[in-house]
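Contents: one structure, followed by commentary.
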Amino acid sequence: MNQTTVTYFIIKGISDVPQLQTPIFLVVLLIYLMTLGGNMTILQLVCQDPHLHTPMYFFLGNLSVLDMSYTTVILHKVLITFISGDNTVSYRSCLAQFYVGASLAINELLLLTAMSYDRYVAICNPLNYHIIMNRAVCVLLSLSCWTVSFLEGLPCLVLLGQFSCYNSNIINHFFCDIVPLLKLTCSDTTAFQTLVFSQGLFITILTPFLLTFISYVFIIGTILKIHSSSGRRKTFYTCSSHLTVVILLYTFLVCQYIRPSAKDSLDANKILFLFNTAGVPLLNPLIYSLKNNEVKSAMRRQLKTCKAFI
């Protein structure tokens, strides 16, 4: 296809080696089912266990919904392609997948920022915690994260929809990501790349990172003022799960987008993106389950309730 408009794209997938298709499908399906199972378990516990009806777990429930949605949006084409054999996606569906996927990715950064503020209030101002982080504030913060993330993605979607021609319709990825789309288009991408750089780096990534970093500066400062070592450990433990998730997510964002060869090595980028897409949402419930005593206690209570009904 030579410099023309397109009505559909062909998704190459994770690998185009025929012998690897079945193993890749089984691995992606297993990861997807484990991600859904782990996050649905966390969401069920947060909704049903009264001990988890606190601001921290309200945001954790939002994070579980987000992770399930994000994984489904990104990985569904890999699974559908193997089952149906159809690796094509319409032009509009491709743009929609990019927009929803990007918006959900932004939302995760914003939600983790809101969770860092929650931890800041809980540790630095514990006496007023339930006054500051009341139900209305939590709902407002959550709605703001979801709304802002989808509004942030709109300018990119509008500019991307104005690209009038493409050199090819074969996307070297397993979903409609922005990097391979930019490599295919023969339209002027200057305005789009300027928007992505300014909004993506300074607003989408840098601002949540700085807000999270500032929150933890105050948190660590407060923890260091605690005289007993056991008190310091106990206080730090209340935010260790969130801090682990934050470090994990930002580490893979840096490896995926900010490394020098990110634009030139799409095949290597696919592996990183697969882990960021499937691995991080899978690890989130595991981290909160293994590092959080309240979640583990809620699981034990849930198991006792299930045994009582058997």
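Naming scheme: A, B, ... for chains in displayed order of the structure tokens; residues 1 onward per chain; ligands 1 onward as shown.
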
Mind running stretch 123-161 of chain A against stretch 231-255 of chain A at 12 Å and telling me each contacting residue's nearest atom pair with the distance in Å (one decimal), counting only C-alpha atoms, chain and number ascending, as a Markdown table?
```
| residue | atom | partner | partner_atom | distance |
| --- | --- | --- | --- | --- |
| A:Ile123 | CA | A:Thr235 | CA | 7.3 |
| A:Cys124 | CA | A:Thr235 | CA | 10.4 |
| A:Pro126 | CA | A:Thr235 | CA | 11.1 |
```

Residues near stretch 18-32 of chain A, anyone? I mean within 7 Å using only C-alpha atoms, not counting same-chain ones fewer than 4 positions away, as an MDAnalysis selection string.
chainID A and resid 36 79 82 278

Closest to A:Ile14 among A:Thr41, A:Asn87, A:Asn169, A:Ser103, using only C-alpha atoms?
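Using only C-alpha atoms, the shortest distance to A:Ile14 belongs to A:Asn87.
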
Name the residues of stretch 91-206 of chain A that fall into strand (DSSP E or B) according to DSSP on the backbone, using the chain letters and numbers of this document, as a ChimeraX atom specification.
/A:166,170-171,185

Name the closest residue to A:Val78 among the candidates A:Arg300, A:Lys12, A:His51, A:Arg119; distances are taken between atoms, counting only C-alpha atoms.
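Checking each of A:Arg300, A:Lys12, A:His51, A:Arg119 against A:Val78, counting only C-alpha atoms, the winner is A:Lys12.
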
May I have the residues within 12 Å of A:Val100 as number ranges by chain, using only C-alpha atoms and disregarding those fewer than 4 positions away in the same chain?
A: 66, 69-74, 93-96, 104-107, 146, 149-154, 156-157, 175-177

Point out the residue among A:Phe174, A:Thr113, A:Ser187, A:Asp49 with the least atom-to-atom distance to A:Ile271, counting only C-alpha atoms.
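Closest candidate: A:Phe174.
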
Give me, as a list in words, all polymer residues having an atom no more than 10 Å from A:Gly37, counting only C-alpha atoms and skipping those fewer than 6 positions away in the same chain.
Ile31, Leu43, Met68, Leu282 and Pro285 of chain A

Would you put the residues from that selection into a file with N, CA and C atoms, as a JSON list (two decimals), in the first residue's frame?
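The resulting selection-v1.json:
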```json
[["chain", "number", "residue", "atom", "x", "y", "z"],
["A", 31, "ILE", "N", -2.19, -15.51, 31.60],
["A", 31, "ILE", "CA", -1.93, -14.23, 32.27],
["A", 31, "ILE", "C", -3.21, -13.41, 32.38],
["A", 43, "LEU", "N", -11.44, -6.85, 44.29],
["A", 43, "LEU", "CA", -12.65, -6.03, 44.19],
["A", 43, "LEU", "C", -13.78, -6.61, 45.04],
["A", 68, "MET", "N", -8.33, -4.49, 35.18],
["A", 68, "MET", "CA", -9.09, -5.45, 34.37],
["A", 68, "MET", "C", -9.50, -4.85, 33.04],
["A", 282, "LEU", "N", -1.29, -7.88, 36.72],
["A", 282, "LEU", "CA", -1.29, -9.17, 37.40],
["A", 282, "LEU", "C", -0.59, -9.07, 38.75],
["A", 285, "PRO", "N", -2.58, -7.07, 42.34],
["A", 285, "PRO", "CA", -3.30, -7.78, 43.41],
["A", 285, "PRO", "C", -2.41, -8.69, 44.22]]
```

Considering only C-alpha atoms, give me a table of residues in stretch 71-131 of chain A that are at most 10 Å from stretch 141-144 of chain A, with the closest atom pair and distance in Å for each, as a tab-separated table.
```
residue	atom	partner	partner_atom	distance
A:Asn107	CA	A:Ser144	CA	9.5
A:Leu110	CA	A:Ser144	CA	8.9
A:Leu111	CA	A:Ser142	CA	7.1
A:Ala114	CA	A:Leu141	CA	6.8
A:Met115	CA	A:Leu141	CA	9.6
```

Go ahead and save the residues from that selection, with N, CA, C and O atoms, as a PDB file, in the first residue's frame.
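Now in again01.pdb:
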```pdb
ATOM      1  N   ASN A 107      -5.045   7.082  33.569  1.00  0.00           N
ATOM      2  CA  ASN A 107      -5.859   6.952  34.778  1.00  0.00           C
ATOM      3  C   ASN A 107      -5.114   6.209  35.881  1.00  0.00           C
ATOM      4  O   ASN A 107      -5.237   6.541  37.068  1.00  0.00           O
ATOM      5  N   LEU A 110      -2.858   8.588  37.618  1.00  0.00           N
ATOM      6  CA  LEU A 110      -3.622   9.530  38.451  1.00  0.00           C
ATOM      7  C   LEU A 110      -4.164   8.845  39.706  1.00  0.00           C
ATOM      8  O   LEU A 110      -4.146   9.427  40.803  1.00  0.00           O
ATOM      9  N   LEU A 111      -4.651   7.611  39.560  1.00  0.00           N
ATOM     10  CA  LEU A 111      -5.170   6.882  40.719  1.00  0.00           C
ATOM     11  C   LEU A 111      -4.064   6.601  41.740  1.00  0.00           C
ATOM     12  O   LEU A 111      -4.278   6.731  42.952  1.00  0.00           O
ATOM     13  N   ALA A 114      -3.517   9.728  43.614  1.00  0.00           N
ATOM     14  CA  ALA A 114      -4.554   9.914  44.634  1.00  0.00           C
ATOM     15  C   ALA A 114      -4.304   9.008  45.835  1.00  0.00           C
ATOM     16  O   ALA A 114      -4.503   9.414  46.990  1.00  0.00           O
ATOM     17  N   MET A 115      -3.845   7.792  45.567  1.00  0.00           N
ATOM     18  CA  MET A 115      -3.543   6.859  46.659  1.00  0.00           C
ATOM     19  C   MET A 115      -2.346   7.332  47.472  1.00  0.00           C
ATOM     20  O   MET A 115      -2.296   7.122  48.692  1.00  0.00           O
TER      21      MET A 115
END
```
